[in-house]
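Q: Contents of coords_35.cif (mmCIF, C-alpha atoms):
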```cif
data_final
loop_
_atom_site.label_atom_id
_atom_site.label_comp_id
_atom_site.auth_asym_id
_atom_site.auth_seq_id
_atom_site.Cartn_x
_atom_site.Cartn_y
_atom_site.Cartn_z
CA MET A 171 6.73 -7.84 -25.01
CA GLY A 172 5.39 -11.42 -25.00
CA LEU A 173 5.25 -13.99 -22.22
CA SER A 174 6.97 -17.35 -22.68
CA LYS A 175 5.27 -20.58 -21.62
CA SER A 176 7.57 -21.17 -18.63
CA THR A 177 9.65 -18.46 -16.96
CA SER A 178 7.49 -15.49 -17.93
CA ALA A 179 4.28 -17.20 -16.80
CA ALA A 180 5.90 -18.13 -13.49
CA ARG A 181 7.10 -14.55 -12.96
CA LEU A 182 3.60 -13.26 -13.77
CA LEU A 183 1.97 -15.56 -11.20
CA ALA A 184 4.55 -14.55 -8.58
CA GLY A 185 3.79 -10.89 -9.22
CA VAL A 186 0.04 -11.51 -8.95
CA ALA A 187 0.44 -13.31 -5.62
CA ALA A 188 2.64 -10.56 -4.18
CA LEU A 189 0.24 -7.83 -5.33
CA ALA A 190 -2.80 -9.63 -3.92
CA LEU A 191 -1.04 -9.96 -0.55
CA LEU A 192 -0.29 -6.23 -0.51
CA ALA A 193 -3.86 -5.40 -1.48
CA ALA A 194 -5.19 -7.48 1.42
CA CYS A 195 -2.77 -6.06 3.99
CA ASP A 196 -5.50 -4.48 6.13
CA GLU A 197 -5.70 -7.83 7.99
CA PRO A 198 -3.06 -8.98 10.53
CA LEU A 199 -0.55 -11.51 9.30
CA ASP A 200 -0.25 -14.86 11.09
CA PHE A 201 3.49 -14.90 11.67
CA ASP A 202 5.22 -18.22 12.32
CA MET A 203 7.97 -19.05 14.82
CA ARG A 204 10.50 -19.77 12.10
CA GLY A 205 14.24 -19.06 12.24
CA LYS A 206 17.20 -19.69 9.98
CA VAL A 207 18.42 -23.26 9.47
CA GLY A 208 21.99 -23.51 10.71
CA ALA A 209 24.62 -26.19 10.18
CA PHE A 210 23.79 -28.16 13.31
CA SER A 211 23.47 -31.88 13.96
CA THR A 212 20.10 -33.53 14.59
CA ALA A 213 21.66 -36.53 16.32
CA PRO A 214 20.81 -35.29 19.87
CA ALA A 215 17.17 -34.78 18.86
CA ALA A 216 16.93 -38.32 17.52
CA GLN A 217 18.59 -39.79 20.62
CA GLU A 218 16.46 -37.83 23.10
CA ALA A 219 12.88 -38.51 22.07
CA ALA A 220 10.16 -36.03 23.00
CA GLY A 221 7.21 -36.85 25.19
CA HIS A 222 3.84 -37.76 23.77
CA ARG A 223 1.30 -35.19 22.68
CA PRO A 224 -1.19 -34.23 25.46
CA THR A 225 -4.65 -35.77 25.44
CA PRO A 226 -7.45 -33.63 23.94
CA ASP A 227 -10.93 -33.25 25.37
CA ALA A 228 -13.91 -35.20 24.09
CA ARG A 229 -14.27 -32.87 21.10
CA GLY A 230 -10.62 -33.33 20.13
CA ILE A 231 -9.63 -29.81 21.34
CA LEU A 232 -6.19 -28.95 22.77
CA ALA A 233 -6.20 -25.43 24.22
CA TYR A 234 -3.05 -23.40 24.87
CA PRO A 235 -2.62 -19.79 26.06
CA ASN A 236 -2.08 -18.45 22.53
CA TYR A 237 -4.05 -20.83 20.31
CA GLN A 238 -6.26 -23.90 20.07
CA VAL A 239 -6.01 -26.95 17.79
CA ALA A 240 -8.35 -29.83 17.01
CA LEU A 241 -7.27 -33.45 16.47
CA ALA A 242 -9.04 -35.55 13.85
CA ARG A 243 -10.56 -38.94 14.57
CA ARG A 244 -10.62 -41.94 12.28
CA GLY A 245 -12.94 -41.28 9.34
CA ASP A 246 -13.10 -37.52 9.95
CA THR A 247 -13.31 -34.86 7.27
CA VAL A 248 -12.70 -31.15 7.77
CA ALA A 249 -16.48 -30.65 7.80
CA SER A 250 -17.10 -33.29 10.49
CA VAL A 251 -14.40 -31.78 12.74
CA ALA A 252 -15.90 -28.31 12.20
CA GLY A 253 -19.35 -29.57 13.15
CA ARG A 254 -18.01 -31.21 16.30
CA ILE A 255 -16.21 -28.08 17.56
CA GLY A 256 -18.76 -25.50 16.39
CA LEU A 257 -16.97 -23.66 13.55
CA PRO A 258 -18.03 -23.13 9.92
CA ALA A 259 -16.47 -25.84 7.75
CA SER A 260 -15.35 -23.36 5.09
CA GLU A 261 -13.59 -21.15 7.66
CA LEU A 262 -11.72 -24.09 9.23
CA ALA A 263 -10.79 -25.50 5.81
CA THR A 264 -9.49 -22.19 4.43
CA TYR A 265 -7.37 -21.52 7.53
CA ASN A 266 -5.64 -24.89 7.09
CA GLY A 267 -5.29 -24.82 3.29
CA LEU A 268 -7.89 -27.59 2.80
CA ASN A 269 -11.38 -28.15 1.40
CA PRO A 270 -14.35 -28.96 3.70
CA THR A 271 -14.72 -32.42 2.14
CA ASP A 272 -11.03 -33.41 2.51
CA ALA A 273 -10.49 -36.62 4.47
CA LEU A 274 -8.16 -36.46 7.48
CA ARG A 275 -5.79 -38.97 9.07
CA GLU A 276 -6.46 -40.07 12.64
CA GLY A 277 -4.61 -37.66 14.94
CA GLU A 278 -4.05 -35.01 12.23
CA VAL A 279 -3.84 -31.48 13.66
CA LEU A 280 -6.11 -28.65 12.50
CA ALA A 281 -5.33 -25.13 13.75
CA LEU A 282 -8.41 -23.12 14.78
CA PRO A 283 -8.81 -19.66 13.20
CA ARG A 284 -10.41 -18.40 16.42
CA ARG A 285 -11.03 -19.73 19.89
CA VAL A 286 -14.04 -21.91 20.64
CA ALA A 287 -15.42 -22.88 24.05
CA GLU A 288 -12.51 -23.75 26.33
CA PRO A 289 -12.05 -27.39 27.42
CA SER A 290 -13.62 -28.16 30.77
CA ALA A 291 -14.45 -31.13 32.94
CA ALA A 292 -17.73 -31.36 31.06
CA THR A 293 -15.89 -31.95 27.79
CA GLY A 294 -13.53 -34.56 29.24
CA ALA A 295 -10.57 -32.16 29.25
CA LEU A 296 -7.20 -32.53 30.92
CA ASP A 297 -5.28 -29.62 32.48
CA ILE A 298 -2.38 -29.37 30.01
CA SER A 299 -0.45 -26.89 32.12
CA ALA A 300 -0.61 -29.13 35.15
CA ILE A 301 0.38 -32.37 33.44
CA ALA A 302 3.18 -30.71 31.48
CA GLY A 303 4.71 -29.31 34.67
CA SER A 304 8.24 -28.06 34.39
CA ALA A 305 9.63 -31.00 32.43
CA ILE A 306 10.75 -28.76 29.56
CA ASP A 307 12.58 -26.29 31.81
CA ALA A 308 15.83 -28.19 31.25
CA SER A 309 15.66 -27.57 27.49
CA PRO A 310 18.29 -25.07 26.23
CA ASN A 311 15.71 -23.40 23.96
CA THR A 312 13.16 -22.33 26.57
CA THR A 313 11.81 -18.78 26.59
CA PRO A 314 9.61 -16.88 29.11
CA ALA A 315 5.91 -17.67 29.15
CA PRO A 316 3.84 -15.47 26.82
CA ALA A 317 1.58 -12.74 28.12
CA ALA A 318 -2.13 -13.39 28.54
CA VAL A 319 -4.12 -13.05 25.35
CA SER A 320 -7.69 -12.36 24.37
CA THR A 321 -9.91 -15.37 23.78
CA THR A 322 -11.17 -13.84 20.54
CA SER A 323 -7.89 -13.23 18.68
CA LEU A 324 -4.65 -15.04 18.01
CA PRO A 325 -1.49 -12.93 18.46
CA PRO A 326 1.42 -13.17 16.02
CA ALA A 327 4.16 -15.62 16.92
CA SER A 328 7.82 -14.68 17.38
CA ALA A 329 10.32 -14.77 14.51
CA ALA A 330 12.61 -17.53 15.81
CA PRO A 331 11.91 -21.18 16.67
CA SER A 332 11.64 -21.41 20.45
CA ARG A 333 9.54 -22.97 23.19
CA PRO A 334 6.88 -20.50 24.44
CA ASP A 335 6.60 -22.25 27.79
CA SER A 336 6.20 -25.71 29.30
CA SER A 337 2.48 -25.89 28.54
CA GLU A 338 2.52 -24.58 24.94
CA PRO A 339 4.44 -26.15 22.04
CA VAL A 340 5.55 -24.05 19.09
CA ARG A 341 2.98 -23.95 16.27
CA HIS A 342 4.73 -23.96 12.87
CA LYS A 343 2.99 -23.06 9.59
CA VAL A 344 4.45 -24.95 6.61
CA VAL A 345 5.64 -22.87 3.66
CA ARG A 346 6.30 -23.98 0.11
CA GLY A 347 9.40 -26.19 -0.22
CA GLU A 348 9.47 -27.42 3.38
CA THR A 349 9.39 -31.10 4.29
CA ALA A 350 8.92 -32.92 7.59
CA TYR A 351 12.69 -33.46 7.65
CA THR A 352 13.55 -29.76 7.21
CA VAL A 353 11.02 -28.75 9.89
CA ALA A 354 12.40 -31.37 12.29
CA ARG A 355 15.95 -30.15 11.58
CA LEU A 356 14.87 -26.53 12.10
CA TYR A 357 13.61 -27.23 15.63
CA GLN A 358 16.12 -30.04 16.40
CA VAL A 359 13.48 -32.70 17.04
CA SER A 360 13.10 -36.22 15.73
CA VAL A 361 11.08 -36.50 12.51
CA THR A 362 9.26 -39.53 13.97
CA ASP A 363 8.23 -37.49 17.02
CA LEU A 364 7.04 -34.73 14.68
CA ALA A 365 4.99 -37.31 12.75
CA ASP A 366 3.49 -38.80 15.96
CA TRP A 367 2.46 -35.39 17.30
CA ASN A 368 0.78 -34.36 14.05
CA GLY A 369 -0.71 -37.59 12.73
CA LEU A 370 1.51 -37.66 9.65
CA GLY A 371 1.41 -40.64 7.30
CA PRO A 372 4.22 -43.19 6.82
CA ASP A 373 5.74 -41.04 4.06
CA PHE A 374 5.93 -38.02 6.43
CA SER A 375 4.26 -35.84 3.77
CA ILE A 376 3.16 -32.32 4.72
CA ARG A 377 1.44 -29.59 2.69
CA GLU A 378 1.83 -25.86 2.26
CA GLY A 379 -0.31 -23.96 4.78
CA GLN A 380 -0.48 -26.90 7.23
CA TYR A 381 0.06 -26.16 10.93
CA LEU A 382 2.40 -28.48 12.87
CA LEU A 383 2.85 -28.78 16.62
CA ILE A 384 6.55 -29.04 17.53
CA PRO A 385 7.12 -31.87 20.06
CA VAL A 386 8.27 -30.97 23.58
CA LYS A 387 9.99 -33.18 26.11
CA GLY A 388 8.07 -34.40 29.13
CA ALA A 389 4.56 -33.84 27.84
CA ALA A 390 1.91 -36.22 29.09
CA ALA A 391 1.28 -39.40 27.14
CA PRO A 392 -2.00 -39.41 25.24
CA ALA A 393 -4.72 -41.76 26.27
CA LYS A 394 -5.77 -44.35 23.73
CA PRO A 395 -9.04 -43.35 22.09
CA ALA A 396 -12.02 -45.36 23.23
CA PRO A 397 -12.83 -48.07 20.70
CA ILE A 398 -16.04 -47.70 18.76
CA LEU A 399 -18.25 -50.64 19.69
CA VAL A 400 -20.05 -52.11 16.72
CA PRO A 401 -22.82 -54.58 17.63
CA LYS A 402 -22.76 -58.02 16.09
CA PRO A 403 -25.20 -58.74 13.26
CA GLY A 404 -28.69 -59.27 14.63
CA VAL A 405 -27.88 -57.70 18.01
CA GLY A 406 -29.36 -54.38 19.11
CA SER A 407 -32.18 -54.20 16.56
CA THR A 408 -35.63 -55.73 16.41
CA THR A 409 -36.52 -57.95 13.48
CA PRO A 410 -39.77 -56.70 11.93
CA VAL A 411 -42.68 -59.11 11.94
CA PRO A 412 -43.63 -60.14 8.38
CA PRO A 413 -47.22 -59.62 7.32
CA SER A 414 -49.46 -62.58 7.88
CA ALA A 415 -50.10 -64.74 4.82
CA ALA A 416 -53.63 -65.31 6.07
CA LYS A 417 -54.51 -61.65 5.84
CA PRO A 418 -54.61 -60.43 2.24
CA LEU A 419 -53.19 -57.06 1.33
CA PRO A 420 -55.71 -54.25 0.76
CA ASP A 421 -56.89 -53.66 -2.77
CA GLU A 422 -54.82 -51.09 -4.63
CA LYS A 423 -57.02 -48.43 -6.08
CA VAL A 424 -55.72 -47.16 -9.40
CA SER A 425 -57.04 -43.88 -10.74
CA ALA A 426 -57.96 -43.96 -14.40
CA LYS A 427 -57.03 -40.29 -14.79
CA PRO A 428 -53.28 -39.61 -14.63
CA PRO A 429 -52.19 -36.76 -12.36
CA ALA A 430 -51.68 -33.39 -13.97
CA ALA A 431 -48.07 -32.52 -14.80
CA PRO A 432 -46.60 -29.82 -12.52
CA ALA A 433 -46.36 -26.36 -13.99
CA VAL A 434 -42.94 -25.36 -15.24
CA SER A 435 -41.84 -21.76 -14.96
CA VAL A 436 -40.07 -20.33 -18.00
CA GLY A 437 -39.46 -16.94 -16.44
CA GLU A 438 -36.24 -15.52 -15.01
CA PRO A 439 -33.81 -17.92 -13.27
CA THR A 440 -34.15 -18.11 -9.48
CA ARG A 441 -30.54 -17.05 -8.89
CA SER A 442 -27.53 -15.70 -10.72
CA ALA A 443 -23.83 -16.37 -10.28
CA ALA A 444 -21.98 -14.35 -7.64
CA MET A 445 -19.53 -13.16 -10.31
CA ALA A 446 -19.51 -12.81 -14.08
CA TYR A 447 -16.79 -14.15 -16.36
CA PRO A 448 -14.31 -11.34 -17.08
CA VAL A 449 -14.03 -12.56 -20.69
CA ASN A 450 -16.33 -14.68 -22.85
CA GLY A 451 -13.85 -17.26 -24.05
CA LYS A 452 -12.32 -20.67 -23.47
CA ILE A 453 -10.72 -21.74 -20.19
CA ILE A 454 -7.25 -22.94 -21.18
CA ARG A 455 -5.89 -23.49 -17.68
CA THR A 456 -7.84 -24.48 -14.58
CA TYR A 457 -7.31 -23.66 -10.91
CA THR A 458 -4.74 -25.72 -8.98
CA LYS A 459 -3.94 -24.34 -5.53
CA GLY A 460 -0.24 -23.61 -5.17
CA LYS A 461 0.44 -24.06 -8.90
CA ASN A 462 -2.12 -21.89 -10.69
CA ASP A 463 -4.02 -19.74 -8.21
CA GLY A 464 -6.67 -18.77 -10.76
CA ILE A 465 -7.99 -19.66 -14.22
CA ASP A 466 -6.73 -18.55 -17.65
CA ILE A 467 -9.44 -17.58 -20.18
CA ALA A 468 -8.47 -17.11 -23.84
CA ALA A 469 -10.35 -15.05 -26.44
CA ALA A 470 -9.63 -12.88 -29.48
CA PRO A 471 -6.95 -10.16 -29.07
CA GLY A 472 -8.51 -6.85 -28.04
CA THR A 473 -11.54 -8.48 -26.34
CA ALA A 474 -12.78 -6.37 -23.41
CA VAL A 475 -11.86 -7.59 -19.91
CA THR A 476 -14.71 -6.61 -17.54
CA ALA A 477 -15.19 -6.51 -13.75
CA ALA A 478 -16.51 -9.81 -12.37
CA ALA A 479 -18.43 -7.94 -9.66
CA ALA A 480 -18.92 -4.42 -8.37
CA GLY A 481 -16.07 -3.03 -6.28
CA THR A 482 -13.22 -0.54 -5.98
CA VAL A 483 -9.97 -0.55 -7.96
CA ARG A 484 -7.44 -1.30 -5.22
CA ALA A 485 -4.23 -1.49 -7.27
CA ILE A 486 -2.89 -1.21 -10.83
CA THR A 487 0.65 -2.39 -11.50
CA ALA A 488 2.68 -4.64 -13.80
CA SER A 489 4.57 -7.93 -13.59
CA ALA A 490 8.32 -8.28 -14.01
CA ASP A 491 7.67 -8.55 -17.76
CA LYS A 492 5.78 -5.20 -17.69
CA VAL A 493 2.40 -6.86 -18.24
CA ALA A 494 -0.47 -5.00 -16.54
CA ILE A 495 -2.28 -6.33 -13.45
CA VAL A 496 -5.52 -4.90 -11.98
CA VAL A 497 -6.85 -5.73 -8.49
CA ILE A 498 -10.50 -5.03 -7.53
CA GLN A 499 -11.67 -5.11 -3.89
CA HIS A 500 -15.21 -6.38 -3.11
CA PRO A 501 -17.29 -6.78 0.08
CA ASP A 502 -16.68 -9.72 2.44
CA ASN A 503 -12.86 -9.36 2.18
CA LEU A 504 -12.86 -10.62 -1.45
CA LEU A 505 -10.39 -9.54 -4.14
CA THR A 506 -10.41 -10.26 -7.88
CA VAL A 507 -7.19 -10.09 -9.91
CA TYR A 508 -6.96 -9.54 -13.68
CA ALA A 509 -3.47 -10.17 -15.11
CA ASN A 510 -1.90 -10.38 -18.58
CA VAL A 511 -4.03 -7.51 -19.90
CA ASP A 512 -3.46 -4.31 -21.88
CA GLY A 513 -5.12 -0.93 -22.43
CA ILE A 514 -6.15 -0.20 -18.81
CA ALA A 515 -9.45 1.75 -18.80
CA VAL A 516 -9.69 2.54 -15.06
CA LYS A 517 -7.48 4.10 -12.41
CA LYS A 518 -6.77 3.30 -8.77
CA GLY A 519 -9.63 4.31 -6.46
CA ASP A 520 -12.34 4.07 -9.15
CA THR A 521 -15.65 2.45 -8.23
CA VAL A 522 -16.63 -0.05 -10.92
CA LYS A 523 -19.82 -1.93 -11.70
CA ARG A 524 -20.20 -5.57 -12.63
CA GLY A 525 -19.47 -5.92 -16.35
CA GLN A 526 -17.66 -2.56 -16.62
CA LYS A 527 -14.60 -2.62 -18.88
CA LEU A 528 -11.28 -2.67 -17.03
CA ALA A 529 -8.83 -3.44 -19.85
CA GLN A 530 -8.53 -5.62 -22.96
CA LEU A 531 -6.70 -8.77 -24.02
CA ARG A 532 -3.19 -8.37 -25.38
CA ALA A 533 -2.33 -8.83 -29.03
CA GLY A 534 -0.62 -11.97 -30.33
CA GLU A 535 -0.70 -15.57 -29.13
CA ASN A 536 -0.92 -14.56 -25.45
CA ALA A 537 -4.47 -13.24 -25.75
CA TYR A 538 -5.82 -14.55 -22.43
CA VAL A 539 -6.62 -13.12 -18.99
CA HIS A 540 -5.32 -14.71 -15.80
CA PHE A 541 -8.25 -14.31 -13.34
CA GLU A 542 -8.01 -14.92 -9.58
CA VAL A 543 -10.43 -14.73 -6.65
CA ARG A 544 -8.82 -14.24 -3.23
CA LYS A 545 -10.35 -14.12 0.25
CA GLY A 546 -7.86 -12.17 2.31
CA PHE A 547 -4.49 -13.80 1.62
CA ASP A 548 -5.86 -17.14 0.38
CA SER A 549 -6.60 -17.92 -3.27
CA GLN A 550 -10.00 -19.46 -4.01
CA ASP A 551 -11.21 -21.59 -6.91
CA PRO A 552 -13.00 -19.00 -9.09
CA THR A 553 -15.31 -21.62 -10.66
CA PRO A 554 -17.94 -21.76 -7.85
CA TYR A 555 -18.23 -17.96 -7.94
CA LEU A 556 -18.86 -18.03 -11.71
CA GLU A 557 -21.43 -20.82 -11.81
#
```
Transcribe the structure of this file into structure tokens.

A:
Amino acid sequence: MGLSKSTSAARLLAGVAALALLAACDEPLDFDMRGKVGAFSTAPAAQEAAGHRPTPDARGILAYPNYQVALARRGDTVASVAGRIGLPASELATYNGLNPTDALREGEVLALPRRVAEPSAATGALDISAIAGSAIDASPNTTPAPAAVSTTSLPPASAAPSRPDSSEPVRHKVVRGETAYTVARLYQVSVTDLADWNGLGPDFSIREGQYLLIPVKGAAAPAKPAPILVPKPGVGSTTPVPPSAAKPLPDEKVSAKPPAAPAVSVGEPTRSAAMAYPVNGKIIRTYTKGKNDGIDIAAAPGTAVTAAAAGTVRAITASADKVAIVVIQHPDNLLTVYANVDGIAVKKGDTVKRGQKLAQLRAGENAYVHFEVRKGFDSQDPTPYLE
């Protein structure tokens, strides 16, 4: 049975994503406080504006009982925020569905994958619980305060949109298809308040995997960030004294013998790629997060599809079109996925070596393998692992 260029390919990718999630299920899910959207009016939310977002400490950290977030400054990237708060840039980027080099808007919210040092007087922090007070107690959607949590783990959120307590706003993780307007309607808040709290742009655009703080009424107004003072030209630096014209420069001694060329090693390369290509062929479709969570490599029908790295066969199944899918688990919480293949040569639980045959390419015009690399639940661009 062949795959079409549209519906069948989409169904295959959906099956791959679902299988990879199941294969990585030995990690806790980060549930969101999301409920069903009812047929209610958002007029009250627009008429009763929420308070301003609390002021972070000098690092940009806002700490709540169940989580911490960091607020970006003007000119920040994910990497610069990570460096300021003491987290690896790749870890912070992956948790928020971004790349370490992505530029951020001023005031944009980044959720922290784990707690860092708590705000204190030394970091210029404000007591969020104290300044929030009980202003939100009059809201009809309040719920009891959450239980104390460990500072090294983030507990799952509840299943319905609600206010945890007066000092902690709901943290909402955006899923595919949501917009700022649908999120605002879900929690009955103004979309402009939602944008102000999360540093959204004038078009209110949000992305899949982004964390949003849901505005609460009565929160303290944020302090204006201190302006960055740039000295005027010529101020704050010493002008170097030019060399005297009366004192000639020293004679430049030129060696008649040119220096020997450095030795060039022609031995083995200093490093090898973390993974090998599963098929020697042509990449016909590149990685685009959220659209194509891997790469498609075409070759002759019947070409062997091999393991990109050593690991254990975690799952063998098929898509809705009955096309085989193989999932291999590797160290460091990595998974590789091989879809659109035929002639499976391994079974679940097998230990495989790098380069060992797993399957082969299908016959016909669909002779390509869809190859994915996933870290936990998140798809990764396979290219850096293969180079």

Q: Do you know which residues the PyMOL selection byres ((chain A and resi 456-472) around 9) returns on this file, as a ChimeraX atom specification?

A: /A:183,187,267,346,378,447-455,473-475,507,512-513,529-544,549-553

Q: Between CA of Glu557 (chain A) and CA of Asn269 (chain A), what distance in Å does the model show, to one decimal?

A: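 Straight-line distance from CA of Glu557 (chain A) to CA of Asn269 (chain A) works out to 18.1 Å.
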
Q: Region 275-291 of chain A: which residues within 9 Å, counting all atoms listed in the file, same-chain residues fewer than 5 positions away excluded, as JSON, numbers by chain?

A: {"A": [226, 227, 228, 229, 231, 232, 233, 237, 238, 239, 240, 241, 242, 243, 244, 245, 246, 247, 248, 251, 255, 256, 257, 261, 262, 263, 265, 266, 296, 297, 321, 322, 323, 324, 341, 366, 367, 368, 369, 370, 371, 380, 381, 382, 383]}

Q: Restrict the selected residues to C-alpha atoms and save them as a PDB file, in the frame of the given file.

A:
```pdb
ATOM      1  CA  PRO A 226      -7.450 -33.630  23.940  1.00  0.00           C
ATOM      2  CA  ASP A 227     -10.930 -33.250  25.370  1.00  0.00           C
ATOM      3  CA  ALA A 228     -13.910 -35.200  24.090  1.00  0.00           C
ATOM      4  CA  ARG A 229     -14.270 -32.870  21.100  1.00  0.00           C
ATOM      5  CA  ILE A 231      -9.630 -29.810  21.340  1.00  0.00           C
ATOM      6  CA  LEU A 232      -6.190 -28.950  22.770  1.00  0.00           C
ATOM      7  CA  ALA A 233      -6.200 -25.430  24.220  1.00  0.00           C
ATOM      8  CA  TYR A 237      -4.050 -20.830  20.310  1.00  0.00           C
ATOM      9  CA  GLN A 238      -6.260 -23.900  20.070  1.00  0.00           C
ATOM     10  CA  VAL A 239      -6.010 -26.950  17.790  1.00  0.00           C
ATOM     11  CA  ALA A 240      -8.350 -29.830  17.010  1.00  0.00           C
ATOM     12  CA  LEU A 241      -7.270 -33.450  16.470  1.00  0.00           C
ATOM     13  CA  ALA A 242      -9.040 -35.550  13.850  1.00  0.00           C
ATOM     14  CA  ARG A 243     -10.560 -38.940  14.570  1.00  0.00           C
ATOM     15  CA  ARG A 244     -10.620 -41.940  12.280  1.00  0.00           C
ATOM     16  CA  GLY A 245     -12.940 -41.280   9.340  1.00  0.00           C
ATOM     17  CA  ASP A 246     -13.100 -37.520   9.950  1.00  0.00           C
ATOM     18  CA  THR A 247     -13.310 -34.860   7.270  1.00  0.00           C
ATOM     19  CA  VAL A 248     -12.700 -31.150   7.770  1.00  0.00           C
ATOM     20  CA  VAL A 251     -14.400 -31.780  12.740  1.00  0.00           C
ATOM     21  CA  ILE A 255     -16.210 -28.080  17.560  1.00  0.00           C
ATOM     22  CA  GLY A 256     -18.760 -25.500  16.390  1.00  0.00           C
ATOM     23  CA  LEU A 257     -16.970 -23.660  13.550  1.00  0.00           C
ATOM     24  CA  GLU A 261     -13.590 -21.150   7.660  1.00  0.00           C
ATOM     25  CA  LEU A 262     -11.720 -24.090   9.230  1.00  0.00           C
ATOM     26  CA  ALA A 263     -10.790 -25.500   5.810  1.00  0.00           C
ATOM     27  CA  TYR A 265      -7.370 -21.520   7.530  1.00  0.00           C
ATOM     28  CA  ASN A 266      -5.640 -24.890   7.090  1.00  0.00           C
ATOM     29  CA  LEU A 296      -7.200 -32.530  30.920  1.00  0.00           C
ATOM     30  CA  ASP A 297      -5.280 -29.620  32.480  1.00  0.00           C
ATOM     31  CA  THR A 321      -9.910 -15.370  23.780  1.00  0.00           C
ATOM     32  CA  THR A 322     -11.170 -13.840  20.540  1.00  0.00           C
ATOM     33  CA  SER A 323      -7.890 -13.230  18.680  1.00  0.00           C
ATOM     34  CA  LEU A 324      -4.650 -15.040  18.010  1.00  0.00           C
ATOM     35  CA  ARG A 341       2.980 -23.950  16.270  1.00  0.00           C
ATOM     36  CA  ASP A 366       3.490 -38.800  15.960  1.00  0.00           C
ATOM     37  CA  TRP A 367       2.460 -35.390  17.300  1.00  0.00           C
ATOM     38  CA  ASN A 368       0.780 -34.360  14.050  1.00  0.00           C
ATOM     39  CA  GLY A 369      -0.710 -37.590  12.730  1.00  0.00           C
ATOM     40  CA  LEU A 370       1.510 -37.660   9.650  1.00  0.00           C
ATOM     41  CA  GLY A 371       1.410 -40.640   7.300  1.00  0.00           C
ATOM     42  CA  GLN A 380      -0.480 -26.900   7.230  1.00  0.00           C
ATOM     43  CA  TYR A 381       0.060 -26.160  10.930  1.00  0.00           C
ATOM     44  CA  LEU A 382       2.400 -28.480  12.870  1.00  0.00           C
ATOM     45  CA  LEU A 383       2.850 -28.780  16.620  1.00  0.00           C
TER      46      LEU A 383
END
```

Q: Just give me the gap between CA of Ala478 (chain A) and CA of Val493 (chain A) in Å, one decimal is fine.

A: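 Here the two named atoms are 20.0 Å from each other.
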
Q: For a test of reading the model, state the distance in Å between CA of Ile495 (chain A) and CA of Val511 (chain A), rounded to one decimal.

A: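 So the two atoms, CA of Ile495 (chain A) and CA of Val511 (chain A), lie 6.8 Å apart.
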
Q: For a quick check of your reading of the model, name the residues lying within 12 Å of the coordinate (-12.2, 3.5, -11.7), counting only C-alpha atoms, and write them as a PyMOL selection string.

A: chain A and resi 476-477+480-486+496-499+514-523+526-529
